[in-house]
Amino acid sequence: MKNQKARMRDFSLSVSIAALFAALTPAIAFAQDSQEVQPANEVANEADEGEAIIVTGSRIARPELNVANPVVAVSGESIEKSGQVNVTDVLIRNPALTASIGGSLSGGADAGLGETGVNRLDLRNLGADRTLVLVNGKRHVAGIPNTASVDINSIPQDLIERVDVLTGGASAIYGADGVSGVVNFILKRNFDGVTARGQVGISDKGDAGTRFFSIVAGKNFAGDRGNVALAYEFSDRDRLSSFDRAFSGDPQVNRGLFRNRDDFPDDPNVPDRILYNNLSWADSAPDGAVDLDLDGIPDFTGSGLVYDRGLPIPSSGGRAQGGSNTPTAGYFGDLEPSLRRHAVNALASYEFSPAFKVFLEGKYVRTNAYSVGQPSFDFFTYLAPDNAFLNDRFGVANTTNGALISRDNFDFGVRGESIKRETYRGVAGIEGDITDNAKYEVSYVFGRTTAAGTQTSNLIGDRYFAALDAVRDPVSGQIVCRSTLDPLSNIDPNNFNQPASTFTPGAGSACRPLNVLGNGVASQEALDFVLANNTNRSRITQHVVSGSVSGDFDALFTLPGGPLGFALGAEYRKEISSDTPDALIQSGALRDFAAVQPSTGKFDVKEIFAELNAPILADMPFAHLLSFSAAIRLSDYSTIGKTTTWKVDGIYAPIPDVRFRGSYSQAVRAPNIGELFSPQSGTFAFVTDPCDVTRLNDGTQFRQANCTAILSGLGLTPAQIATFSPSTDAQATTSRRGLAGGNPGLSEEEAKTWTAGVVLRPSFIPGLSMSFDWYNIRIKGAINTPSATEVAELCVDQPTIDNVFCQNIFRATGTGFVLGDGNDPLQRNGFIVGPENVAAFETAGGDFTINYRMPTDNIGTFNVNLTGGYLDKITFVPTVGADVDDDTLEAYNPRWRGSASLDWQLGGFNINYGVNYFSKTRRFTTEQLAANPDLSDPRFFYFKERWEHDVRLAYDVDDKFTFYGGVNNIFDEKPAFDQLSYPISSGVGRFLYVGAKVTM
C-alpha cells in the first residue's frame, strides 16, 4: 500500500505539471513548428559542409567534416524510436559503450551500496571514471559521491538533439577524466512550438511495465532575438524480480558450471566443470540447517525434519545440488530496479546585440529507485544448550551440546535499497562578437546532487545475538532473552564478549526472543527489535567558471586553405563531495556491515587552454583540404599539482569524396575525491584463495612457487601445502573482514591516444557515407582498486612476493587462511584494499559507420545505418613487471559488435527495424583455459553471441499527430544459462510498447 500511495503521488505530480503546461499553451501564439532532428551519424549529417559551427572535440567554429577526431553520434530521433525510457539502455548499443551500466546492472546484487538506479557510461570498457560526460560541451555534476561519474538518468530524454561519442584527444579540450574519450549530450536549443509525447510498455509476461510522458514548450520572441523554453518529463519503470523469470528463478531451469564430482583426481580427458541444475547453497536452508553434534554437517532442518544435504559440489563456492538447502535460483535479487523520474528544465536566451547575448539553463531532476538484493544469512551461528526454542524443537536430551545453525533469512525480509536522488543544475553565461573575426563566451555552471539511500532489513548485531539467546524465565515459564534475566550475560560470543551497545539489558528490556527454527516462525516483535532500516546521505557540489575567446586571423593574414583559427581561455573548477553513513553503520552496530566512517573531500583546479586550426590548402588539385590542429591545456590541481595535456591532429582530402584524418594526444585523469580522501573503514568480502590446490593452475607461472613460499613461511609442512584447500573448509569460506579506503599519495593517470581513419562520401552514390577509424589507447600509472580476491591473486601472480599486494593480504600462522573471520581480536583484518598507481591498460580497435539514404519516387525513402566496432586487443598490467593480462574476448570485450537499423518512410507511414549484435565472449579467462584445457566441455568455453531485434511502426495522422508501437527483443532472447543479463542487455525478455506524439 505504501508503494501504491507513492506511485499515486508521483502520478498526481505528473498530471499537475502537465496540466500547467496545457493551461499555458493556448496563451502563446507559436510561430513555427519544432524542427526534426538530423540523422544519427556525423558522416551522414546533411548540414552545409562550409557552415562553421561548434562541434564536439573543438572550441573553434568550423565545418563539421573538418574535425579530425572521430565522432559517432546518436540522434534524439533514434533514441525516441528505440522504445526505451532509459537513455543508457539505448547508448549501450553503441559499440564503444557496450560495458556501460544500464538498467539491468543498476539493481539487485549488481548495484553497489548507494548506487541503485544509477546509470553510468563506460567508454571502451576502461571504467566509468575514465569517461567524461558533458552536456552542451560543459561539465555535469556527478551522481555518485566521491566519483566524477554522471548519472545519465539526470539528463532529460526528449530534450536530447544528439549524443556525440568521441575517442581520444578530449582532455586537451575539456579537461581531465576523459582518458578514454568523451560523451557529449547536445540538447535542443531555440525550441519554438509545443511537443508532447506519451508511451506505455510491458513485457509479454505482463510485468516490467514502463510509463513515459514529456512535454516541451518554447517560444521565440523579439524578432527571434529571444527564446524561452520549458520542459517536463516523467518516466516510471517497474521492478522485476529474478523469481519472475524461469532462467533465473526456477531451480530446474537455472543452471551453472561447477566442479565435476566424478573427476577426482583430475583426468585430463574429463571436463573439470560440468553443468548442474537444481543448485542450492550447501548446508543452509530457509528454515535453518541445524547441526546438533557440532561436526559441521546439518542433522535436521529447523522445522524438525531430517536434513537432506543433496550432493555437495566441491570447489564451487559452497554449492550443492538439491537437498533441503536454499536454492540459488532467485537468490541474487532483482533483474531490474524500479525507477521513477521527474525532470523539469528551463532554457532562456536573449540577444541584446551581436556583442552581448545572455543564456540561462536550469533543471531539477528527482529520481526514486528501489531494488532488493539477497537476504541476510547465518553460517554456523551457535545456539546455547538451554535455548528454549531449540529444546522445544528437539528435546533437552538431544541438545546438550547446543547447536550450530545456518540459515537464509528470507522470512526476515530480503535486504533492499531505496534511494531518492535530487539533481540541481544551473548554467548562466554571456557570449557575443568582439570583432567580425572573434567571439567570446563566459559561463558559470553550478551543480548539486543530493541522495538519501535507505537500506532495509539489516540485522543489528548485539540485538540479534541477544534475541537468539532465548531461555525460559524460571518464574513465569515464558521464553525471554537471557539478557533480560541476566544483564551481565554474554551478548555475542562471536564478538569477543562485547557488551550491548544499542539497547539496555535487564528487566524491562526491549529485547524479544527470536525463533529461527522454522520458516516464518519469528514473532513480529522480535523482528522489529533486531531489524533496522539505515539511511545514508550524500551531497556532491560542483562549481565551474570558464571563459574563452575564439575566432580566426582573417583580418591579419590567410593561409592558402583559409584563415588560421584559434581558441584560448581559462577555467576554474571546484568539486566537493560528502558521504555520511547511518549512525548504526558508523558505530559498526549492524551485523553484516563493518564500521564505515563519514567521508568528505574537495579539490579545485585552475586551467588555461589554447587551440589552433591551420587550414594549409583547400580547393586545389589533389588537395581539396589539408589542415592541421593542435591544443594544449595546463592544469594546476590543489591535490596533485600541475599536469599538461595536449593533442595534434590533421585532415587530408585529396578529393571531396575522400578524407583521411588522424590524431595523437596525451590525456590525464586526476584521482577523484574518493580515491584520495575516503577514510579507511571496515568492510567484508569473500576471498577466493588463489593458493587453494584447485586454483594453482588458474594464474600465472609464478603462482605455485609464490604460494609455496608464503605458506611455508607461515609454518605449513610440504604435506599441508600439497593439500591446502580453504574452499573445502567451512570456516575459510565465510566472508572476511578487512579495510578499505583512499590513498592521498595518488598521482594522475596518463594516457597516450592515437586515431587514424578515412571518411568516404562518393559523389557517384548520392546519400551514401562511410567512415572507418582505428584507435589506440595506452594508460600508464593507472589507478587500480582491486577486490580482496584480486589482491590475493595479484600478490602471488607477480614474479616475486615483494609487491604492494602481498603487503595488503594477511594470513594466519599455522593454517595459512586469510584472516579476518573475527576469531583473533588482535589480527581481525584479512586484507586492505585501496587504490594505487600501479596499473597499465592498453586497448586498440576500429570503429566503422555506413549510412545510406535512398529516396524513391514511388515507394518512399529508405535509410540504412550501420555502426560497428572491431576490438583488436584490451590488456591490463596490474603492476610493474607483472604478466600482461589479456582481456580480449572476455566479458564485454567481444571481437565484433555493432548495431544496424533500416528505416522506411512512405507518406505518413514509417517502419524501423533494428538489430544489436556482438560476437561470442569467453566464459573463462585466457589464463584459466591456458592452465586447464579441460576446464569444461569446449561448447561452454564461450558465452553465446548477442542478438537483439527490435521493430517499430509509426503513422503520422497529419503533421501534428503521430501514433506508434513496437516490440523490443522480438525473438525473446534470454541471457546465458549462468547469467542474469548477459550477453543480452536485459533479462526482461520480449517487450511491447505503444505511444503517441503531438506537435503544435
# chains A, B, ... in the order shown; residues from 1 in each chain; ligands from 1

call {"tool": "closest_atom_pairs", "arguments": {"of": "stretch 108-163 of chain A", "to": "stretch 886-893 of chain A", "cutoff": "12 Å", "atoms": "only C-alpha atoms", "output": "Markdown table"}}
result
| residue | atom | partner | partner_atom | distance |
| --- | --- | --- | --- | --- |
| A:Asp122 | CA | A:Tyr892 | CA | 10.7 |
| A:Leu123 | CA | A:Tyr892 | CA | 11.2 |
| A:Arg124 | CA | A:Asn893 | CA | 8.5 |
| A:Asn125 | CA | A:Tyr892 | CA | 7.2 |
| A:Leu126 | CA | A:Asn893 | CA | 10.5 |
| A:Gly127 | CA | A:Tyr892 | CA | 11.8 |

call {"tool": "write_last_selection", "arguments": {"atoms": "N, CA and C atoms", "output": "PDB file, in the first residue's frame"}}
result
ATOM      1  N   ASP A 122      30.493   3.898 -19.850  1.00  0.00           N
ATOM      2  CA  ASP A 122      31.838   3.342 -19.755  1.00  0.00           C
ATOM      3  C   ASP A 122      32.372   3.157 -21.169  1.00  0.00           C
ATOM      4  N   LEU A 123      33.246   4.082 -21.585  1.00  0.00           N
ATOM      5  CA  LEU A 123      33.824   4.020 -22.923  1.00  0.00           C
ATOM      6  C   LEU A 123      34.959   2.999 -22.980  1.00  0.00           C
ATOM      7  N   ARG A 124      34.893   2.122 -23.943  1.00  0.00           N
ATOM      8  CA  ARG A 124      35.964   1.157 -24.237  1.00  0.00           C
ATOM      9  C   ARG A 124      36.210   0.170 -23.098  1.00  0.00           C
ATOM     10  N   ASN A 125      35.274   0.064 -22.161  1.00  0.00           N
ATOM     11  CA  ASN A 125      35.419  -0.836 -21.016  1.00  0.00           C
ATOM     12  C   ASN A 125      36.687  -0.523 -20.221  1.00  0.00           C
ATOM     13  N   LEU A 126      37.015   0.754 -20.133  1.00  0.00           N
ATOM     14  CA  LEU A 126      38.155   1.196 -19.338  1.00  0.00           C
ATOM     15  C   LEU A 126      37.718   1.801 -18.004  1.00  0.00           C
ATOM     16  N   GLY A 127      36.418   1.767 -17.723  1.00  0.00           N
ATOM     17  CA  GLY A 127      35.925   2.263 -16.447  1.00  0.00           C
ATOM     18  C   GLY A 127      35.130   3.539 -16.591  1.00  0.00           C
TER      19      GLY A 127
END

call {"tool": "closest_atom_pairs", "arguments": {"of": "stretch 554-592 of chain A", "to": "stretch 635-642 of chain A", "cutoff": "12 Å", "atoms": "only C-alpha atoms", "output": "CSV"}}
result
residue,atom,partner,partner_atom,distance
A:Ala570,CA,A:Ser635,CA,9.7
A:Glu571,CA,A:Ser635,CA,9.2
A:Tyr572,CA,A:Ser635,CA,9.6
A:Arg573,CA,A:Tyr637,CA,9.6
A:Lys574,CA,A:Ser638,CA,9.7
A:Glu575,CA,A:Ser638,CA,10.9

call {"tool": "write_last_selection", "arguments": {"atoms": "C-alpha atoms", "output": "PDB file, in the first residue's frame"}}
result
ATOM      1  CA  ALA A 570      40.760  29.689 -18.738  1.00  0.00           C
ATOM      2  CA  GLU A 571      38.680  27.632 -16.368  1.00  0.00           C
ATOM      3  CA  TYR A 572      38.283  27.217 -12.637  1.00  0.00           C
ATOM      4  CA  ARG A 573      36.553  24.154 -11.222  1.00  0.00           C
ATOM      5  CA  LYS A 574      35.784  23.110  -7.671  1.00  0.00           C
ATOM      6  CA  GLU A 575      34.395  19.715  -6.665  1.00  0.00           C
TER       7      GLU A 575
END

call {"tool": "select_by_dssp", "arguments": {"residues": "stretch 319-434 of chain A", "states": "strand (DSSP E or B)", "output": "PyMOL selection string"}}
result
chain A and resi 319-321+326-327+334-336+338-353+356-372+377-383+403-408+416-434

call {"tool": "closest_residue", "arguments": {"among": "A:Leu871, A:Ile721, A:Val877, A:Ala68", "to": "A:Ala756", "atoms": "only C-alpha atoms"}}
result
A:Ala68

call {"tool": "residues_around", "arguments": {"residues": "stretch 460-462 of chain A", "least_positions_apart": "3", "cutoff": "9 Å", "atoms": "only C-alpha atoms", "output": "PyMOL selection string"}}
result
chain A and resi 465-467+491-492+495+498-503+529-532+584+588-592

call {"tool": "closest_residue", "arguments": {"among": "A:Ser627, A:Asn910, A:Thr843, A:Ser899", "to": "A:Val67", "atoms": "only C-alpha atoms"}}
result
A:Ser627

call {"tool": "residues_around", "arguments": {"residues": "A:Asn184", "least_positions_apart": "6", "cutoff": "9 Å", "atoms": "only C-alpha atoms", "output": "list in words"}}
result
Thr56, Leu132, Val133, Leu134, Val135, Asn136, Gly137, Lys138, Arg162, Val163, Asp164, Val165 and Leu166 of chain A

call {"tool": "decode", "arguments": {"residues": "stretch 562-586 of chain A", "atoms": "C-alpha atoms", "output": "short mmCIF file (atom, residue, chain, number, x, y, z; two decimals), in the first residue's frame"}}
result
data_model
loop_
_atom_site.label_atom_id
_atom_site.label_comp_id
_atom_site.auth_asym_id
_atom_site.auth_seq_id
_atom_site.Cartn_x
_atom_site.Cartn_y
_atom_site.Cartn_z
CA GLY A 562 41.67 29.68 -45.24
CA PRO A 563 42.17 31.73 -42.09
CA LEU A 564 44.06 30.38 -39.08
CA GLY A 565 41.52 29.57 -36.36
CA PHE A 566 42.17 29.90 -32.66
CA ALA A 567 40.61 29.45 -29.24
CA LEU A 568 42.07 30.29 -25.86
CA GLY A 569 40.66 30.53 -22.41
CA ALA A 570 40.76 29.69 -18.74
CA GLU A 571 38.68 27.63 -16.37
CA TYR A 572 38.28 27.22 -12.64
CA ARG A 573 36.55 24.15 -11.22
CA LYS A 574 35.78 23.11 -7.67
CA GLU A 575 34.39 19.71 -6.66
CA ILE A 576 33.07 18.91 -3.18
CA SER A 577 31.73 15.56 -2.03
CA SER A 578 30.48 14.22 1.28
CA ASP A 579 29.03 10.86 2.24
CA THR A 580 27.54 10.29 5.68
CA PRO A 581 26.63 6.72 6.64
CA ASP A 582 23.82 5.97 9.05
CA ALA A 583 24.80 6.17 12.72
CA LEU A 584 24.38 2.40 13.08
CA ILE A 585 26.87 1.83 10.27
CA GLN A 586 29.33 4.36 11.68
#
